[in-house]
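Containing mmCIF, C-alpha atoms: run-v6.cif.
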```
data_my_file
#
loop_
_atom_site.label_atom_id
_atom_site.label_comp_id
_atom_site.auth_asym_id
_atom_site.auth_seq_id
_atom_site.Cartn_x
_atom_site.Cartn_y
_atom_site.Cartn_z
CA MET Q 1 -46.51 19.21 3.80
CA THR Q 2 -40.39 20.64 4.44
CA SER Q 3 -37.49 23.61 3.67
CA PRO Q 4 -36.02 24.59 0.34
CA THR Q 5 -32.70 25.43 1.94
CA GLY Q 6 -29.69 23.12 1.99
CA THR Q 7 -29.44 19.36 1.98
CA THR Q 8 -31.72 19.05 5.00
CA ARG Q 9 -34.74 20.21 2.98
CA GLY Q 10 -37.69 17.95 3.75
CA ALA Q 11 -35.79 15.76 6.22
CA ARG Q 12 -38.33 16.11 9.00
CA LEU Q 13 -41.42 15.15 7.07
CA ARG Q 14 -39.53 12.48 5.13
CA THR Q 15 -38.73 10.82 8.48
CA ILE Q 16 -42.44 10.68 9.26
CA LEU Q 17 -43.31 9.53 5.74
CA THR Q 18 -40.61 6.90 5.54
CA THR Q 19 -41.78 5.25 8.75
CA ALA Q 20 -45.46 5.44 7.92
CA ILE Q 21 -45.13 4.36 4.30
CA ALA Q 22 -42.90 1.42 5.12
CA ALA Q 23 -45.56 0.11 7.48
CA ALA Q 24 -48.41 0.97 5.16
CA ALA Q 25 -46.82 -0.81 2.22
CA LEU Q 26 -47.63 -4.13 3.86
CA LEU Q 27 -51.31 -3.25 3.98
CA LEU Q 28 -52.00 -1.09 0.95
CA THR Q 29 -52.44 -3.30 -2.09
CA GLY Q 30 -53.70 -2.67 -5.55
CA CYS Q 31 -52.27 0.87 -5.50
CA THR Q 32 -53.05 2.80 -8.67
CA ARG Q 33 -52.56 6.22 -10.17
CA GLY Q 34 -55.75 6.11 -12.20
CA SER Q 35 -58.80 8.24 -11.61
CA ALA Q 36 -61.01 7.35 -8.69
CA ALA Q 37 -64.64 6.36 -9.05
CA PRO Q 38 -66.90 9.42 -8.95
CA ASP Q 39 -67.47 10.56 -5.36
CA PRO Q 40 -71.06 11.69 -4.80
CA ALA Q 41 -70.07 13.69 -1.71
CA ALA Q 42 -67.54 15.62 -3.76
CA SER Q 43 -70.01 16.67 -6.43
CA SER Q 44 -73.43 16.80 -4.80
CA SER Q 45 -72.72 20.09 -3.06
CA ALA Q 46 -71.76 21.91 -6.25
CA PRO Q 47 -74.25 24.56 -7.41
CA ALA Q 48 -76.91 23.21 -9.74
CA SER Q 49 -76.68 24.25 -13.38
CA SER Q 50 -79.47 24.37 -15.95
CA THR Q 51 -77.07 23.23 -18.68
CA ALA Q 52 -74.32 20.67 -18.56
CA PRO Q 53 -70.92 22.42 -18.25
CA GLU Q 54 -68.37 21.84 -20.94
CA PRO Q 55 -65.86 19.16 -19.95
CA VAL Q 56 -62.36 20.29 -18.97
CA GLY Q 57 -59.57 19.20 -21.30
CA ARG Q 58 -56.20 18.83 -19.61
CA TYR Q 59 -56.15 19.24 -15.82
CA VAL Q 60 -52.85 19.19 -13.88
CA ALA Q 61 -52.80 18.84 -10.09
CA LEU Q 62 -49.70 20.24 -8.36
CA GLY Q 63 -48.70 20.45 -4.73
CA ASP Q 64 -47.52 18.85 -1.52
CA SER Q 65 -49.00 16.22 0.81
CA TYR Q 66 -52.12 18.30 1.46
CA ALA Q 67 -52.87 17.79 -2.22
CA ALA Q 68 -51.44 14.26 -2.50
CA GLY Q 69 -53.35 12.74 0.44
CA PRO Q 70 -50.86 10.21 1.90
CA LEU Q 71 -52.42 6.96 3.19
CA ILE Q 72 -55.96 7.81 2.09
CA PRO Q 73 -56.96 4.61 0.24
CA THR Q 74 -55.86 3.81 -2.30
CA THR Q 75 -52.38 5.32 -2.07
CA ASP Q 76 -49.65 4.92 -4.69
CA LEU Q 77 -46.41 4.56 -2.74
CA ALA Q 78 -44.12 4.65 -5.77
CA GLY Q 79 -41.30 7.12 -5.42
CA GLY Q 80 -42.43 8.22 -1.98
CA CYS Q 81 -44.93 10.82 -3.18
CA ALA Q 82 -47.78 8.85 -1.57
CA ARG Q 83 -50.54 10.07 -3.88
CA SER Q 84 -54.07 8.93 -3.15
CA ASP Q 85 -56.59 8.23 -5.87
CA HIS Q 86 -59.10 9.95 -3.60
CA ASN Q 87 -57.18 13.20 -3.19
CA TYR Q 88 -59.04 16.34 -4.15
CA GLY Q 89 -57.48 16.39 -7.61
CA HIS Q 90 -58.97 13.02 -8.50
CA LEU Q 91 -62.36 13.95 -7.05
CA LEU Q 92 -62.36 17.22 -8.96
CA ALA Q 93 -61.31 15.52 -12.18
CA ASP Q 94 -64.21 13.08 -11.89
CA ALA Q 95 -66.74 15.80 -11.11
CA LEU Q 96 -65.58 17.90 -14.06
CA ASP Q 97 -65.48 15.03 -16.55
CA VAL Q 98 -61.84 15.80 -17.33
CA THR Q 99 -60.53 14.18 -20.49
CA ASP Q 100 -56.82 14.31 -19.53
CA PHE Q 101 -55.93 14.35 -15.83
CA VAL Q 102 -52.31 14.49 -14.63
CA ASP Q 103 -51.59 14.24 -10.90
CA VAL Q 104 -47.98 15.10 -10.01
CA THR Q 105 -48.59 16.08 -6.39
CA CYS Q 106 -45.91 14.80 -4.04
CA SER Q 107 -45.68 14.62 -0.27
CA GLY Q 108 -42.92 16.79 1.16
CA ALA Q 109 -42.85 19.15 -1.83
CA THR Q 110 -41.80 22.78 -1.48
CA THR Q 111 -42.20 25.59 -3.98
CA ARG Q 112 -38.67 24.82 -5.18
CA ASP Q 113 -39.71 21.27 -6.07
CA LEU Q 114 -42.16 22.62 -8.61
CA THR Q 115 -39.23 23.57 -10.83
CA HIS Q 116 -36.43 21.32 -9.52
CA VAL Q 117 -35.94 17.59 -8.92
CA GLN Q 118 -37.41 16.55 -5.58
CA ARG Q 119 -35.71 13.94 -3.41
CA THR Q 120 -38.23 12.03 -1.32
CA PHE Q 121 -36.32 9.23 0.41
CA GLY Q 122 -33.76 6.65 -0.56
CA ASP Q 123 -32.60 7.18 -4.13
CA ALA Q 124 -35.95 8.44 -5.38
CA ARG Q 125 -35.73 11.52 -7.60
CA ILE Q 126 -39.04 13.09 -8.59
CA PRO Q 127 -39.10 15.25 -11.74
CA PRO Q 128 -40.10 18.90 -11.37
CA GLN Q 129 -43.88 19.07 -11.12
CA MET Q 130 -44.06 22.03 -13.47
CA ARG Q 131 -43.03 19.83 -16.39
CA ALA Q 132 -46.60 18.53 -16.47
CA VAL Q 133 -47.99 22.02 -17.11
CA THR Q 134 -48.19 22.42 -20.87
CA ALA Q 135 -49.54 25.10 -23.19
CA ASP Q 136 -52.75 23.13 -23.79
CA THR Q 137 -53.53 22.80 -20.06
CA SER Q 138 -56.96 24.22 -19.23
CA LEU Q 139 -57.01 23.78 -15.42
CA VAL Q 140 -54.30 23.76 -12.74
CA THR Q 141 -54.76 23.35 -8.99
CA LEU Q 142 -51.97 24.02 -6.52
CA THR Q 143 -51.50 23.56 -2.77
CA ILE Q 144 -47.98 24.55 -1.74
CA GLY Q 145 -45.97 26.65 0.70
CA GLY Q 146 -46.46 24.87 4.02
CA ASN Q 147 -43.13 23.07 3.76
CA ASP Q 148 -41.14 26.15 2.78
CA LEU Q 149 -38.80 27.25 5.59
CA ASP Q 150 -40.07 24.28 7.64
CA LEU Q 151 -43.18 26.21 8.65
CA PHE Q 152 -45.36 23.10 8.93
CA ALA Q 153 -42.65 21.24 10.83
CA THR Q 154 -42.34 24.16 13.25
CA LEU Q 155 -45.94 23.63 14.32
CA VAL Q 156 -46.25 19.85 14.35
CA ARG Q 157 -42.75 18.97 15.54
CA THR Q 158 -41.00 21.85 17.28
CA CYS Q 159 -44.04 23.14 19.14
CA THR Q 160 -45.35 19.72 20.14
CA GLN Q 161 -41.93 18.55 21.33
CA LEU Q 162 -41.58 21.58 23.60
CA ARG Q 163 -44.83 20.81 25.44
CA SER Q 164 -43.17 18.61 28.08
CA SER Q 165 -40.92 21.47 29.20
CA ASP Q 166 -43.89 23.58 30.33
CA PRO Q 167 -47.30 21.91 29.75
CA GLN Q 168 -49.33 24.84 31.10
CA GLY Q 169 -47.17 27.59 29.59
CA SER Q 170 -46.12 28.76 26.14
CA PRO Q 171 -42.69 27.20 25.54
CA CYS Q 172 -42.97 27.27 21.74
CA ALA Q 173 -44.01 30.92 21.62
CA ARG Q 174 -41.12 31.80 23.93
CA ARG Q 175 -38.63 29.81 21.83
CA LEU Q 176 -39.72 31.44 18.59
CA ALA Q 177 -39.67 34.92 20.14
CA ALA Q 178 -36.17 34.41 21.52
CA GLN Q 179 -34.50 32.35 18.80
CA GLY Q 180 -36.70 32.72 15.74
CA PRO Q 181 -37.52 32.14 13.03
CA ASP Q 182 -39.52 35.33 12.67
CA LEU Q 183 -43.03 34.37 11.60
CA GLU Q 184 -43.74 37.56 9.67
CA GLY Q 185 -40.51 37.19 7.74
CA MET Q 186 -41.40 33.57 6.93
CA VAL Q 187 -44.87 34.57 5.78
CA ALA Q 188 -43.45 37.22 3.44
CA THR Q 189 -40.94 34.78 1.94
CA ILE Q 190 -43.49 32.02 1.45
CA SER Q 191 -45.89 34.46 -0.19
CA ARG Q 192 -43.18 35.51 -2.67
CA ASN Q 193 -42.31 31.87 -3.36
CA VAL Q 194 -45.91 30.92 -4.07
CA ALA Q 195 -46.48 34.02 -6.20
CA GLY Q 196 -43.44 33.07 -8.25
CA ALA Q 197 -44.84 29.57 -8.76
CA LEU Q 198 -48.18 30.97 -9.89
CA ARG Q 199 -46.46 33.25 -12.40
CA THR Q 200 -44.55 30.27 -13.79
CA ILE Q 201 -47.80 28.36 -14.23
CA ARG Q 202 -49.27 31.32 -16.08
CA ARG Q 203 -46.27 31.48 -18.43
CA GLU Q 204 -46.44 27.76 -19.19
CA ALA Q 205 -50.22 27.58 -19.55
CA PRO Q 206 -51.48 31.08 -20.42
CA ASP Q 207 -55.05 29.93 -21.10
CA ALA Q 208 -55.46 27.78 -18.00
CA LYS Q 209 -57.77 28.47 -15.09
CA VAL Q 210 -55.58 28.33 -11.97
CA LEU Q 211 -56.82 27.61 -8.44
CA LEU Q 212 -54.59 28.09 -5.41
CA VAL Q 213 -56.16 25.77 -2.83
CA GLY Q 214 -55.44 26.74 0.77
CA TYR Q 215 -54.69 24.50 3.74
CA LEU Q 216 -57.23 22.92 6.07
CA ARG Q 217 -56.97 24.21 9.63
CA LEU Q 218 -55.27 22.09 12.28
CA VAL Q 219 -55.68 24.17 15.44
CA PRO Q 220 -59.06 24.82 17.13
CA ASP Q 221 -60.28 28.34 17.80
CA ARG Q 222 -60.55 27.35 21.46
CA GLY Q 223 -59.89 24.32 23.63
CA SER Q 224 -57.30 21.57 23.29
CA CYS Q 225 -57.03 17.83 22.64
CA VAL Q 226 -54.57 14.93 22.85
CA GLY Q 227 -54.45 14.72 19.05
CA LEU Q 228 -52.66 18.07 18.94
CA PRO Q 229 -50.31 17.90 21.96
CA LEU Q 230 -49.34 21.55 22.40
CA ALA Q 231 -48.70 23.27 25.71
CA ALA Q 232 -51.82 25.06 26.94
CA GLY Q 233 -50.49 28.49 26.02
CA ASP Q 234 -49.18 27.42 22.62
CA TYR Q 235 -52.54 26.81 20.96
CA ALA Q 236 -52.61 30.54 20.33
CA GLU Q 237 -49.16 30.28 18.72
CA GLY Q 238 -50.40 27.40 16.58
CA ARG Q 239 -53.28 29.55 15.36
CA ARG Q 240 -50.84 32.36 14.61
CA ILE Q 241 -48.69 30.05 12.49
CA SER Q 242 -51.69 28.62 10.61
CA ARG Q 243 -53.18 32.04 9.95
CA GLY Q 244 -49.81 33.30 8.81
CA LEU Q 245 -49.63 30.56 6.18
CA ASP Q 246 -53.17 31.32 5.06
CA ARG Q 247 -52.28 35.01 4.80
CA ALA Q 248 -49.20 34.21 2.72
CA LEU Q 249 -51.28 32.27 0.20
CA ARG Q 250 -54.01 34.91 0.03
CA LYS Q 251 -51.44 37.57 -0.74
CA ALA Q 252 -49.79 35.43 -3.42
CA ALA Q 253 -53.15 34.86 -5.08
CA ARG Q 254 -54.01 38.55 -4.94
CA ARG Q 255 -50.63 39.57 -6.38
CA THR Q 256 -51.04 37.27 -9.37
CA GLY Q 257 -54.77 37.51 -10.02
CA THR Q 258 -55.24 33.86 -9.10
CA THR Q 259 -58.45 32.39 -7.68
CA PHE Q 260 -57.89 31.46 -4.04
CA VAL Q 261 -59.87 28.59 -2.52
CA ASP Q 262 -60.12 29.52 1.15
CA MET Q 263 -59.96 26.19 2.96
CA TYR Q 264 -58.94 27.73 6.29
CA SER Q 265 -62.34 29.39 6.56
CA ALA Q 266 -64.18 26.46 5.01
CA SER Q 267 -62.74 24.04 7.57
CA ALA Q 268 -63.85 26.01 10.64
CA GLY Q 269 -65.18 23.49 13.15
CA HIS Q 270 -63.31 20.62 11.48
CA ASP Q 271 -59.83 21.05 13.00
CA ILE Q 272 -57.88 18.21 14.61
CA CYS Q 273 -59.73 18.62 17.92
CA ALA Q 274 -63.22 18.80 16.39
CA ARG Q 275 -65.89 16.13 16.69
CA THR Q 276 -65.71 15.64 12.92
CA PRO Q 277 -62.10 16.48 12.00
CA TRP Q 278 -60.98 16.83 8.42
CA VAL Q 279 -57.33 16.49 9.46
CA ASN Q 280 -55.76 13.60 11.37
CA GLY Q 281 -54.05 14.13 14.72
CA ASN Q 282 -50.61 13.07 15.89
CA VAL Q 283 -51.04 9.31 15.33
CA THR Q 284 -50.83 7.91 11.81
CA VAL Q 285 -53.90 5.81 11.01
CA ARG Q 286 -53.15 3.25 8.33
CA GLU Q 287 -55.55 3.32 5.39
CA LYS Q 288 -56.97 6.63 6.64
CA ALA Q 289 -54.34 9.37 6.92
CA LEU Q 290 -50.77 10.19 7.82
CA ALA Q 291 -50.33 12.04 11.11
CA TYR Q 292 -51.32 15.72 10.81
CA HIS Q 293 -52.64 15.21 7.29
CA PRO Q 294 -56.10 15.26 5.68
CA PHE Q 295 -58.65 12.51 5.98
CA ALA Q 296 -60.79 11.61 2.97
CA SER Q 297 -63.42 14.00 4.37
CA GLY Q 298 -60.93 16.85 4.10
CA MET Q 299 -60.21 15.99 0.48
CA ARG Q 300 -63.92 15.92 -0.30
CA ALA Q 301 -64.23 19.37 1.26
CA ASP Q 302 -61.33 20.65 -0.87
CA ALA Q 303 -63.02 19.31 -4.00
CA ARG Q 304 -66.38 20.86 -3.10
CA GLU Q 305 -64.86 24.30 -2.53
CA ALA Q 306 -62.81 24.07 -5.71
CA LEU Q 307 -65.98 23.25 -7.65
CA ARG Q 308 -67.68 26.29 -6.17
CA ALA Q 309 -64.73 28.44 -7.13
CA LEU Q 310 -65.13 27.18 -10.70
CA GLY Q 311 -68.84 28.06 -10.66
CA ARG Q 312 -69.86 24.40 -10.77
#
```

Kindly return the structure encoded in the file as structure tokens.
Amino acid sequence: MTSPTGTTRGARLRTILTTAIAAAALLLTGCTRGSAAPDPAASSSAPASSTAPEPVGRYVALGDSYAAGPLIPTTDLAGGCARSDHNYGHLLADALDVTDFVDVTCSGATTRDLTHVQRTFGDARIPPQMRAVTADTSLVTLTIGGNDLDLFATLVRTCTQLRSSDPQGSPCARRLAAQGPDLEGMVATISRNVAGALRTIRREAPDAKVLLVGYLRLVPDRGSCVGLPLAAGDYAEGRRISRGLDRALRKAARRTGTTFVDMYSASAGHDICARTPWVNGNVTVREKALAYHPFASGMRADAREALRALGR
């Protein structure tokens, strides 16, 4: 999922991505940007219909790494966006029999990168994602906001790095309370940013169905695990951060009349510490998932819930 402010925007996640992608490039071959083969698990859970639904025309997938699916095979490493051909956009496009699918999701993207050039790493310059949204677009999906103001990095880097200072305490919660940033202020800003992005989509594609797809949960409701190395007292702070992001997206969807796909609720019991996690823990697993990012199972879950939201 990195900050729209200043030249340091995205630096933290790009450090993770650069390291992981450089290693993965030696192993991932045959990378494509074409549509994936139909995924039975992605479509079998959709509600049955007595008549075949009309195929979708042009479908544009927008968003950050939680939409792109870095290191889920097969991943296209070009430009540093690390898009998987088994991300939820591809699975949804196959299930809907889309005639024109455009995936411009990009790891590290913020809401600003939807309308401005995104710099991934090196000299790579990624065009604004919104350019793909045209007047004839009939479906748009979007997962965005977690990188704004470094919210995601606050949880997976700042909070985990503070664990060693007080393993049984709440060092991250204390740091944020004393030094900021203020979570409620961040949530309000992110909600406005996402609402603005949704309004732009509506202007560019007034007839499109738009789905705002939420984030999978990382932090368990109770307990702890080595895959999410927070201090004992900071799991509660992790939940507060995750719920704050979910709240920001819900509010943005409500403000703009957009359909919200509630993946925080849908992924209950599938957090990083769960027996069957939909999100990877703190160690990048080549050909499976980047650290703290969705597994293929998480992408299938996203696609299933998006299909339900579309009445399919």

Any idea what's packed within 7 Å of segment 71-83 of chain Q, counting only C-alpha atoms, ignoring anything in its chain fewer than 6 positions away? Could you give it as an mmCIF file with C-alpha atoms, in the frame of the given file?
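out-v2.cif, written as the output of this step:
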```cif
data_model
loop_
_atom_site.group_PDB
_atom_site.id
_atom_site.type_symbol
_atom_site.label_atom_id
_atom_site.label_comp_id
_atom_site.auth_asym_id
_atom_site.auth_seq_id
_atom_site.Cartn_x
_atom_site.Cartn_y
_atom_site.Cartn_z
ATOM 1 C CA CYS Q 31 -52.270 0.870 -5.500
ATOM 2 C CA THR Q 32 -53.050 2.800 -8.670
ATOM 3 C CA ARG Q 33 -52.560 6.220 -10.170
ATOM 4 C CA THR Q 105 -48.590 16.080 -6.390
ATOM 5 C CA CYS Q 106 -45.910 14.800 -4.040
ATOM 6 C CA SER Q 107 -45.680 14.620 -0.270
ATOM 7 C CA THR Q 120 -38.230 12.030 -1.320
ATOM 8 C CA PHE Q 121 -36.320 9.230 0.410
ATOM 9 C CA ALA Q 124 -35.950 8.440 -5.380
ATOM 10 C CA ARG Q 286 -53.150 3.250 8.330
ATOM 11 C CA GLU Q 287 -55.550 3.320 5.390
ATOM 12 C CA LYS Q 288 -56.970 6.630 6.640
ATOM 13 C CA ALA Q 289 -54.340 9.370 6.920
ATOM 14 C CA LEU Q 290 -50.770 10.190 7.820
ATOM 15 C CA PHE Q 295 -58.650 12.510 5.980
ATOM 16 C CA ALA Q 296 -60.790 11.610 2.970
#
```

Please report, as CSV, each residue of segment 163-203 of chain Q lying at most 7 Å from segment 224-239 of chain Q, together with the nearest pair of atoms and the separation in Å rounded to one decimal; use only C-alpha atoms, and order rows by chain and ascending residue number.
```
residue,atom,partner,partner_atom,distance
Q:Arg163,CA,Q:Ala231,CA,4.6
Q:Asp166,CA,Q:Ala231,CA,6.7
Q:Pro167,CA,Q:Ala231,CA,4.5
Q:Gln168,CA,Q:Ala232,CA,4.9
Q:Gly169,CA,Q:Gly233,CA,5.0
Q:Ser170,CA,Q:Gly233,CA,4.4
Q:Cys172,CA,Q:Asp234,CA,6.3
Q:Ala173,CA,Q:Glu237,CA,5.9
```

Okay, now the selection with C-alpha atoms, as a PDB file, in the frame of the given file?
```
ATOM      1  CA  ARG Q 163     -44.830  20.810  25.440  1.00  0.00           C
ATOM      2  CA  ASP Q 166     -43.890  23.580  30.330  1.00  0.00           C
ATOM      3  CA  PRO Q 167     -47.300  21.910  29.750  1.00  0.00           C
ATOM      4  CA  GLN Q 168     -49.330  24.840  31.100  1.00  0.00           C
ATOM      5  CA  GLY Q 169     -47.170  27.590  29.590  1.00  0.00           C
ATOM      6  CA  SER Q 170     -46.120  28.760  26.140  1.00  0.00           C
ATOM      7  CA  CYS Q 172     -42.970  27.270  21.740  1.00  0.00           C
ATOM      8  CA  ALA Q 173     -44.010  30.920  21.620  1.00  0.00           C
TER       9      ALA Q 173
END
```

Ser265 of chain Q environment, 12 Å, all atoms listed in the file, sequence neighbours closer than 4 positions dropped, as a VMD selection string: chain Q and resid 213 to 218 220 to 221 242 to 243 246 to 247 250 260 to 261 269 to 271 301 to 302 305

Would you mind exporting the chosen residues as a PDB file, in the frame of the given file, restricted to C-alpha atoms?
```
ATOM      1  CA  VAL Q 213     -56.160  25.770  -2.830  1.00  0.00           C
ATOM      2  CA  GLY Q 214     -55.440  26.740   0.770  1.00  0.00           C
ATOM      3  CA  TYR Q 215     -54.690  24.500   3.740  1.00  0.00           C
ATOM      4  CA  LEU Q 216     -57.230  22.920   6.070  1.00  0.00           C
ATOM      5  CA  ARG Q 217     -56.970  24.210   9.630  1.00  0.00           C
ATOM      6  CA  LEU Q 218     -55.270  22.090  12.280  1.00  0.00           C
ATOM      7  CA  PRO Q 220     -59.060  24.820  17.130  1.00  0.00           C
ATOM      8  CA  ASP Q 221     -60.280  28.340  17.800  1.00  0.00           C
ATOM      9  CA  SER Q 242     -51.690  28.620  10.610  1.00  0.00           C
ATOM     10  CA  ARG Q 243     -53.180  32.040   9.950  1.00  0.00           C
ATOM     11  CA  ASP Q 246     -53.170  31.320   5.060  1.00  0.00           C
ATOM     12  CA  ARG Q 247     -52.280  35.010   4.800  1.00  0.00           C
ATOM     13  CA  ARG Q 250     -54.010  34.910   0.030  1.00  0.00           C
ATOM     14  CA  PHE Q 260     -57.890  31.460  -4.040  1.00  0.00           C
ATOM     15  CA  VAL Q 261     -59.870  28.590  -2.520  1.00  0.00           C
ATOM     16  CA  GLY Q 269     -65.180  23.490  13.150  1.00  0.00           C
ATOM     17  CA  HIS Q 270     -63.310  20.620  11.480  1.00  0.00           C
ATOM     18  CA  ASP Q 271     -59.830  21.050  13.000  1.00  0.00           C
ATOM     19  CA  ALA Q 301     -64.230  19.370   1.260  1.00  0.00           C
ATOM     20  CA  ASP Q 302     -61.330  20.650  -0.870  1.00  0.00           C
ATOM     21  CA  GLU Q 305     -64.860  24.300  -2.530  1.00  0.00           C
TER      22      GLU Q 305
END
```

Selected residue, from Q:Ala188, Q:Ala95, Q:Leu198, Q:Ala177, that lies nearest to Leu62 of chain Q when counting only C-alpha atoms: Q:Leu198

Shell of 8 Å around Ala252 of chain Q, all atoms listed in the file, local chain residues under 2 positions omitted, as an mmCIF file with C-alpha atoms, in the frame of the given file:
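Ended up saving to out.cif:
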```
data_model
loop_
_atom_site.group_PDB
_atom_site.id
_atom_site.type_symbol
_atom_site.label_atom_id
_atom_site.label_comp_id
_atom_site.auth_asym_id
_atom_site.auth_seq_id
_atom_site.Cartn_x
_atom_site.Cartn_y
_atom_site.Cartn_z
ATOM 1 C CA SER Q 191 -45.890 34.460 -0.190
ATOM 2 C CA ARG Q 192 -43.180 35.510 -2.670
ATOM 3 C CA VAL Q 194 -45.910 30.920 -4.070
ATOM 4 C CA ALA Q 195 -46.480 34.020 -6.200
ATOM 5 C CA ALA Q 248 -49.200 34.210 2.720
ATOM 6 C CA LEU Q 249 -51.280 32.270 0.200
ATOM 7 C CA ARG Q 250 -54.010 34.910 0.030
ATOM 8 C CA ARG Q 254 -54.010 38.550 -4.940
ATOM 9 C CA ARG Q 255 -50.630 39.570 -6.380
ATOM 10 C CA THR Q 256 -51.040 37.270 -9.370
#
```

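Using only C-alpha atoms, the smallest distance between any of Q:Lys209, Q:Arg275, Q:His293, Q:Lys251 and Thr141 of chain Q comes from Q:Lys209.
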
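Between atom CA of Tyr264 of chain Q and atom CA of Val219 of chain Q the interatomic distance comes to 10.3 Å.
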
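One finds atom CA of Gly185 of chain Q at 24.1 Å from atom CA of Thr259 of chain Q.
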
Target residues per the PyMOL selection byres ((chain Q and resi 202-207) around 7), formatted as JSON, numbers by chain: {"Q": [133, 134, 135, 136, 137, 138, 198, 199, 200, 201, 208, 209]}

Selection as an mmCIF file with C-alpha atoms, in the coordinates of the input: residues within 9 Å of (-43.9, 29.7, 12.0), counting only C-alpha atoms:
```cif
data_model
loop_
_atom_site.group_PDB
_atom_site.id
_atom_site.type_symbol
_atom_site.label_atom_id
_atom_site.label_comp_id
_atom_site.auth_asym_id
_atom_site.auth_seq_id
_atom_site.Cartn_x
_atom_site.Cartn_y
_atom_site.Cartn_z
ATOM 1 C CA LEU Q 149 -38.800 27.250 5.590
ATOM 2 C CA ASP Q 150 -40.070 24.280 7.640
ATOM 3 C CA LEU Q 151 -43.180 26.210 8.650
ATOM 4 C CA PHE Q 152 -45.360 23.100 8.930
ATOM 5 C CA ALA Q 153 -42.650 21.240 10.830
ATOM 6 C CA THR Q 154 -42.340 24.160 13.250
ATOM 7 C CA LEU Q 155 -45.940 23.630 14.320
ATOM 8 C CA LEU Q 176 -39.720 31.440 18.590
ATOM 9 C CA GLY Q 180 -36.700 32.720 15.740
ATOM 10 C CA PRO Q 181 -37.520 32.140 13.030
ATOM 11 C CA ASP Q 182 -39.520 35.330 12.670
ATOM 12 C CA LEU Q 183 -43.030 34.370 11.600
ATOM 13 C CA GLU Q 184 -43.740 37.560 9.670
ATOM 14 C CA MET Q 186 -41.400 33.570 6.930
ATOM 15 C CA VAL Q 187 -44.870 34.570 5.780
ATOM 16 C CA GLU Q 237 -49.160 30.280 18.720
ATOM 17 C CA GLY Q 238 -50.400 27.400 16.580
ATOM 18 C CA ARG Q 240 -50.840 32.360 14.610
ATOM 19 C CA ILE Q 241 -48.690 30.050 12.490
ATOM 20 C CA SER Q 242 -51.690 28.620 10.610
ATOM 21 C CA GLY Q 244 -49.810 33.300 8.810
ATOM 22 C CA LEU Q 245 -49.630 30.560 6.180
#
```

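Separating atom CA of Asn193 of chain Q from atom CA of Val117 of chain Q is a distance of 16.6 Å.
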
Residues picked by the PyMOL selection byres ((chain Q and resi 69) around 6) here, as a short mmCIF file (atom, residue, chain, number, x, y, z; two decimals) with C-alpha atoms, in the frame of the given file?
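Output saved as expr-v8.cif:
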```cif
data_model
loop_
_atom_site.label_atom_id
_atom_site.label_comp_id
_atom_site.auth_asym_id
_atom_site.auth_seq_id
_atom_site.Cartn_x
_atom_site.Cartn_y
_atom_site.Cartn_z
CA SER Q 65 -49.00 16.22 0.81
CA TYR Q 66 -52.12 18.30 1.46
CA ALA Q 67 -52.87 17.79 -2.22
CA ALA Q 68 -51.44 14.26 -2.50
CA PRO Q 70 -50.86 10.21 1.90
CA ILE Q 72 -55.96 7.81 2.09
CA ARG Q 83 -50.54 10.07 -3.88
CA SER Q 84 -54.07 8.93 -3.15
CA ASN Q 87 -57.18 13.20 -3.19
#
```

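Distances to Asp100 of chain Q were evaluated for Q:Ala61, Q:Leu211, Q:Gly281, Q:Ala178 using all atoms listed in the file, and the minimum falls at Q:Ala61.
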
Residues in the PyMOL selection byres ((chain Q and resi 92) around 9), expressed as a list in words: Ala42, Ser43, Asn87, Tyr88, Gly89, His90, Leu91, Ala93, Asp94, Ala95, Leu96, Asp97, Val98, Arg300, Asp302, Ala303, Arg304, Ala306 and Leu307 of chain Q
